[in-house]
$ cat data26.csv   # CSV, C-alpha atoms and all ligand atoms
chain,number,residue,atom,x,y,z
K,317,MET,CA,42.1,136.4,-4.4
K,318,THR,CA,43.7,139.3,-2.4
K,319,THR,CA,46.4,138.2,0.1
K,320,PRO,CA,46.0,139.7,3.6
K,321,GLN,CA,48.4,142.5,4.7
K,322,TRP,CA,49.2,142.7,8.4
K,323,LEU,CA,49.9,145.6,10.8
K,324,PRO,CA,51.1,145.4,14.4
K,325,LEU,CA,48.3,146.1,16.9
K,326,LEU,CA,49.7,149.4,18.2
K,327,SER,CA,46.3,150.7,19.4
K,328,TYR,CA,45.8,148.1,22.2
K,329,ARG,CA,46.6,149.2,25.7
K,330,GLU,CA,46.4,147.0,28.8
K,331,TYR,CA,45.5,148.5,32.1
K,332,PRO,CA,46.6,147.2,35.5
K,333,SER,CA,43.8,145.0,37.0
K,334,GLU,CA,42.7,147.6,39.5
K,335,GLU,CA,42.5,150.4,36.9
K,336,MET,CA,40.6,148.1,34.6
K,337,GLN,CA,38.0,147.5,37.3
K,338,GLU,CA,37.7,151.2,38.0
K,339,ARG,CA,37.3,151.9,34.3
K,340,ALA,CA,34.6,149.2,33.8
K,341,ALA,CA,32.7,150.5,36.9
K,342,ALA,CA,33.0,154.1,35.8
K,343,PHE,CA,31.7,153.3,32.3
K,344,TYR,CA,28.8,151.4,33.8
K,345,ALA,CA,28.0,154.4,36.0
K,346,GLU,CA,28.1,156.6,33.0
K,347,MET,CA,25.9,154.4,30.9
K,348,GLN,CA,23.4,154.0,33.7
K,349,LYS,CA,22.6,157.6,33.1
K,350,ARG,CA,21.5,157.0,29.5
K,351,ARG,CA,17.7,157.1,28.9
K,352,SER,CA,15.6,157.4,25.8
K,353,VAL,CA,14.4,161.0,25.7
K,354,ARG,CA,11.1,162.0,24.0
K,355,HIS,CA,11.2,165.7,25.0
K,356,PHE,CA,13.9,167.6,23.2
K,357,SER,CA,15.1,171.2,23.3
K,358,ASN,CA,15.5,173.0,19.9
K,359,ARG,CA,19.0,174.2,21.0
K,360,SER,CA,21.5,173.6,18.2
K,361,VAL,CA,24.2,171.1,18.6
K,362,PRO,CA,27.7,171.5,17.1
K,363,ARG,CA,27.9,169.5,13.9
K,364,GLU,CA,31.4,168.4,14.7
K,365,VAL,CA,30.0,166.5,17.8
K,366,ILE,CA,27.6,164.6,15.5
K,367,GLU,CA,30.4,163.9,13.1
K,368,HIS,CA,32.6,162.4,15.8
K,369,CYS,CA,29.8,160.2,17.0
K,370,LEU,CA,29.2,159.0,13.4
K,371,GLN,CA,32.9,158.2,13.2
K,372,VAL,CA,32.5,156.0,16.2
K,373,ALA,CA,29.5,154.3,14.6
K,374,ALA,CA,31.3,153.9,11.2
K,375,SER,CA,34.2,152.2,13.0
K,376,ALA,CA,32.0,149.3,14.2
K,377,PRO,CA,32.8,145.7,13.4
K,378,SER,CA,30.8,144.3,10.6
K,379,GLY,CA,30.3,141.0,8.8
K,380,ALA,CA,33.3,140.6,6.4
K,381,ASN,CA,34.1,144.3,7.0
K,382,LEU,CA,31.5,145.2,4.4
K,383,GLN,CA,30.1,148.1,6.6
K,384,PRO,CA,26.5,147.7,5.4
K,385,TRP,CA,25.3,151.0,6.7
K,386,HIS,CA,24.4,154.5,5.6
K,387,PHE,CA,23.6,157.4,7.9
K,388,VAL,CA,21.5,160.3,6.7
K,389,VAL,CA,21.9,163.3,9.0
K,390,VAL,CA,18.9,165.5,8.8
K,391,SER,CA,18.9,169.0,10.2
K,392,ASP,CA,16.9,170.8,7.5
K,393,PRO,CA,13.6,171.9,9.2
K,394,ALA,CA,11.6,171.3,6.0
K,395,VAL,CA,12.8,167.7,5.7
K,396,LYS,CA,12.2,167.1,9.4
K,397,ARG,CA,8.7,168.4,8.9
K,398,GLN,CA,8.1,166.0,6.0
K,399,ILE,CA,9.4,163.1,8.1
K,400,ARG,CA,7.2,164.0,11.0
K,401,ALA,CA,4.1,164.3,8.8
K,402,ALA,CA,4.7,161.0,7.1
K,403,ALA,CA,5.6,159.3,10.4
K,404,GLU,CA,2.5,160.6,12.2
K,405,ALA,CA,0.3,159.4,9.4
K,406,ARG,CA,1.6,155.9,9.9
K,407,GLU,CA,1.4,156.3,13.7
K,408,GLN,CA,-2.2,157.2,13.4
K,409,ALA,CA,-3.0,154.1,11.3
K,410,PHE,CA,-0.9,152.0,13.8
K,411,TYR,CA,-2.7,153.3,17.0
K,412,SER,CA,-6.2,153.3,15.5
K,413,LYS,CA,-6.1,150.1,13.5
K,414,ARG,CA,-3.0,148.0,13.2
K,415,ALA,CA,-1.7,147.7,16.8
K,416,SER,CA,-2.6,144.5,18.6
K,417,GLU,CA,-3.9,144.7,22.2
K,418,GLU,CA,-0.6,143.1,23.5
K,419,TRP,CA,1.5,145.6,21.7
K,420,LEU,CA,-0.5,148.6,23.0
K,421,GLU,CA,-0.2,147.1,26.5
K,422,ALA,CA,3.6,146.8,26.1
K,423,LEU,CA,3.8,150.4,25.0
K,424,ALA,CA,1.5,151.8,27.7
K,425,PRO,CA,4.2,152.3,30.4
K,426,LEU,CA,6.2,154.4,27.9
K,427,GLY,CA,3.4,156.9,27.5
K,428,THR,CA,4.0,157.1,23.7
K,429,GLY,CA,1.3,158.2,21.3
K,430,MET,CA,0.7,159.1,17.7
K,431,HIS,CA,2.1,162.6,18.0
K,432,LYS,CA,5.9,162.9,17.4
K,433,PRO,CA,6.8,166.6,17.9
K,434,PHE,CA,10.4,165.6,18.7
K,435,LEU,CA,10.9,164.8,15.0
K,436,GLU,CA,10.8,168.6,14.4
K,437,THR,CA,12.1,169.9,17.7
K,438,ALA,CA,15.3,167.9,18.0
K,439,PRO,CA,18.1,169.5,16.0
K,440,TYR,CA,19.2,166.2,14.3
K,441,LEU,CA,17.5,163.1,13.0
K,442,ILE,CA,20.0,160.5,12.0
K,443,VAL,CA,18.3,158.0,9.7
K,444,ILE,CA,20.1,154.7,9.6
K,445,PHE,CA,19.8,152.5,6.5
K,446,VAL,CA,20.9,148.8,6.1
K,447,GLN,CA,22.6,148.1,2.8
K,448,ARG,CA,21.6,144.5,2.0
K,449,GLN,CA,24.0,144.2,-0.9
K,450,SER,CA,26.7,146.0,-2.8
K,451,GLN,CA,28.5,145.8,-6.1
K,452,LEU,CA,32.1,144.6,-6.1
K,453,PRO,CA,34.6,146.4,-8.4
K,454,ASN,CA,34.2,143.5,-10.9
K,455,GLY,CA,30.5,144.3,-11.1
K,456,ARG,CA,29.3,141.2,-9.2
K,457,ILE,CA,26.6,141.8,-6.6
K,458,ILE,CA,27.5,140.6,-3.1
K,459,LYS,CA,24.9,140.0,-0.5
K,460,HIS,CA,26.1,141.4,2.8
K,461,PRO,CA,26.4,138.7,5.5
K,462,TYR,CA,25.0,139.6,8.9
K,463,ALA,CA,23.9,143.1,7.7
K,464,LEU,CA,21.3,143.5,10.5
K,465,GLU,CA,23.6,142.4,13.2
K,466,SER,CA,26.3,144.8,11.9
K,467,VAL,CA,24.0,147.8,11.7
K,468,GLY,CA,22.6,147.0,15.2
K,469,ILE,CA,26.1,147.0,16.6
K,470,ALA,CA,27.0,150.3,14.8
K,471,THR,CA,23.8,151.9,16.1
K,472,GLY,CA,24.6,150.8,19.7
K,473,MET,CA,28.0,152.4,19.4
K,474,LEU,CA,26.4,155.6,18.0
K,475,ILE,CA,23.9,155.8,20.9
K,476,THR,CA,26.8,155.3,23.3
K,477,ALA,CA,28.9,157.9,21.6
K,478,ILE,CA,26.0,160.4,21.7
K,479,HIS,CA,25.4,159.8,25.4
K,480,HIS,CA,29.1,160.0,26.1
K,481,ALA,CA,29.2,163.4,24.3
K,482,GLY,CA,26.5,164.7,26.7
K,483,LEU,CA,23.5,164.6,24.3
K,484,ALA,CA,20.3,162.6,24.5
K,485,SER,CA,18.8,160.3,21.9
K,486,LEU,CA,15.7,158.4,21.1
K,487,THR,CA,15.5,155.3,19.0
K,488,TYR,CA,12.5,155.8,16.9
K,489,THR,CA,11.0,153.1,14.6
K,490,PRO,CA,7.9,154.3,12.6
K,491,SER,CA,6.2,151.4,10.9
K,492,PRO,CA,6.3,150.9,8.0
K,493,MET,CA,9.5,152.9,7.3
K,494,ARG,CA,9.9,152.8,3.6
K,495,PHE,CA,8.7,156.4,3.2
K,496,LEU,CA,12.2,157.3,4.5
K,497,ASN,CA,13.7,156.0,1.2
K,498,ASP,CA,11.4,158.4,-0.7
K,499,ILE,CA,11.9,161.5,1.4
K,500,LEU,CA,15.7,161.0,1.7
K,501,ARG,CA,16.2,159.6,-1.8
K,502,ARG,CA,17.9,156.4,-0.8
K,503,PRO,CA,17.9,153.4,-3.2
K,504,ARG,CA,15.5,150.5,-2.7
K,505,THR,CA,18.5,148.2,-2.0
K,506,GLU,CA,18.8,150.0,1.3
K,507,ARG,CA,16.3,149.3,4.1
K,508,PRO,CA,15.5,151.9,6.7
K,509,PHE,CA,16.7,150.5,10.1
K,510,LEU,CA,15.7,153.2,12.5
K,511,VAL,CA,15.7,156.9,13.2
K,512,LEU,CA,17.9,158.3,15.9
K,513,VAL,CA,16.6,161.5,17.3
K,514,VAL,CA,19.5,163.6,18.8
K,515,GLY,CA,19.8,166.7,20.8
K,516,TYR,CA,19.7,168.2,24.2
K,517,PRO,CA,16.8,167.1,26.4
K,518,ALA,CA,14.1,169.8,27.1
K,519,ASN,CA,14.5,171.5,30.5
K,520,ASP,CA,11.3,169.9,31.7
K,521,ALA,CA,12.0,166.5,30.1
K,522,VAL,CA,10.6,163.5,31.9
K,523,VAL,CA,11.2,159.8,31.3
K,524,PRO,CA,9.0,156.8,32.0
K,525,ASP,CA,9.6,155.1,35.4
K,526,ILE,CA,10.7,151.8,33.9
K,527,HIS,CA,13.6,149.5,34.8
K,528,HIS,CA,16.1,147.3,33.2
K,529,LYS,CA,16.1,143.6,34.1
K,530,PRO,CA,18.7,142.7,36.8
K,531,LEU,CA,21.8,140.9,35.5
K,532,ARG,CA,20.8,137.7,37.2
K,533,GLU,CA,17.8,137.5,34.8
K,534,VAL,CA,19.7,138.2,31.6
K,535,VAL,CA,23.1,136.6,32.3
K,536,THR,CA,24.0,132.9,32.7
K,537,LEU,CA,27.5,132.1,33.9
K,538,VAL,CA,29.0,128.9,32.8
K,539,GLU,CA,32.0,128.6,35.2
K,540,PRO,CA,34.4,125.8,36.0
K,601,LIG,C1,14.8,148.8,18.2
K,601,LIG,C2,14.1,149.9,19.1
K,601,LIG,C3,13.0,150.5,18.6
K,601,LIG,C4,12.4,151.5,19.4
K,601,LIG,N1,11.3,152.2,18.9
K,601,LIG,C5,10.8,153.2,19.6
K,601,LIG,C6,9.8,154.0,19.1
K,601,LIG,O1,9.4,153.8,17.9
K,601,LIG,N2,9.2,155.0,19.8
K,601,LIG,C7,9.7,155.3,21.1
K,601,LIG,O2,9.2,156.2,21.7
K,601,LIG,N3,10.7,154.5,21.6
K,601,LIG,C8,11.3,153.5,20.9
K,601,LIG,N4,12.3,152.8,21.4
K,601,LIG,C9,12.9,153.2,22.8
K,601,LIG,C10,12.5,152.1,23.8
K,601,LIG,O3,11.1,152.3,24.1
K,601,LIG,C11,13.4,152.3,25.0
K,601,LIG,O4,14.7,152.0,24.7
K,601,LIG,C12,13.0,151.4,26.2
K,601,LIG,O5,11.7,151.8,26.6
K,601,LIG,C13,14.0,151.5,27.3
K,601,LIG,O6,14.1,152.8,27.8
K,601,LIG,P1,15.5,153.5,27.9
K,601,LIG,O7,16.1,153.5,26.5
K,601,LIG,O8,15.2,154.8,28.5
K,601,LIG,O9,16.4,152.6,28.8
K,601,LIG,C14,12.9,151.8,20.7
K,601,LIG,C15,14.1,151.1,21.1
K,601,LIG,C16,14.7,150.2,20.3
K,601,LIG,C17,15.9,149.5,20.8

$ encode --input "data26.csv" --output "structure tokens"
Amino acid sequence: MTTPQWLPLLSYREYPSEEMQERAAAFYAEMQKRRSVRHFSNRSVPREVIEHCLQVAASAPSGANLQPWHFVVVSDPAVKRQIRAAAEAREQAFYSKRASEEWLEALAPLGTGMHKPFLETAPYLIVIFVQRQSQLPNGRIIKHPYALESVGIATGMLITAIHHAGLASLTYTPSPMRFLNDILRRPRTERPFLVLVVGYPANDAVVPDIHHKPLREVVTLVEP
């Protein structure tokens, strides 16, 4: 059994109450501007920016600190083309056969369809995989606790970092997604989680006129 080693918490900084309120409000105002974008420019994005955003994601909390994620960053046009072709084949089956009426109704306000040109136009596709297990140095296989929760948190931090950097993203979830293991040569012990499409929005980008639920609908306060 390893004994824990401790460090002083030097990175924490407390802000005076007023400044804390200003910071919280300013961050909310900033995050209010985030929207999922489906029309991307093909302008290139500095790779260092993507790397910093990935560093944010990779610093996320995770169950037992097992960091059950892997990020494949695709900028190769040939690989993007392959992903688009495979995804559109699945989209076609989804829209023409598999999708239930209720699901199609839920998707209708978003104006999505079976064509996914953004998979080729956007400069980066970040394909996120969940590692469901890993091998300890002693050879034993350990199942990762809360792997999905951990990767969800890391993905949220990645989306936030991308927005903060001044780029746009789209969370894209083709179904089924296993083809991503084959194209990107990831082992079967990893499960594709989602594709994050990243780049600048197109000049004429539009977003659906939809709204987020007000806080009173999604928050319950239990106060003294
Ligand atoms: C887990 C998840 C899966 C999603 N999958 C898709 C998708 O496959 N295609 C798509 O166009 N948008 C997808 N989205 C984007 C949502 O439609 C979008 O977040 C939602 O409509 C709210 O819009 P907003 O992000 O602009 O606030 C997905 C979002 C999440 C969180």

$ residues_around --input "data26.csv" --residues "Pro490 of chain K" --least-positions-apart "3" --cutoff "7 Å" --atoms "only C-alpha atoms" --output "JSON, numbers by chain"
{"K": [403, 407, 493]}

$ residues_near_ligand --input "data26.csv" --ligand "ligand LIG 601 (chain K)" --cutoff "9 Å" --atoms "all atoms listed in the file" --output "MDAnalysis selection string"
chainID K and resid 348 350:354 423 425:429 432 468 472 485:491 509:511 523:528

$ residues_near_point --input "data26.csv" --point "(27.4, 153.8, 26.7)" --cutoff "9 Å" --atoms "only C-alpha atoms" --output "PyMOL selection string"
chain K and resi 343-344+346-350+472-480

$ atom_distance --input "data26.csv" --atom1 "atom CA of Arg501 of chain K" --atom2 "atom CA of Thr437 of chain K"
22.4 Å

$ atom_distance --input "data26.csv" --atom1 "atom CA of Glu506 of chain K" --atom2 "atom CA of Ala394 of chain K"
23.0 Å

$ atom_distance --input "data26.csv" --atom1 "atom CA of Val361 of chain K" --atom2 "atom CA of Ala401 of chain K"
23.4 Å
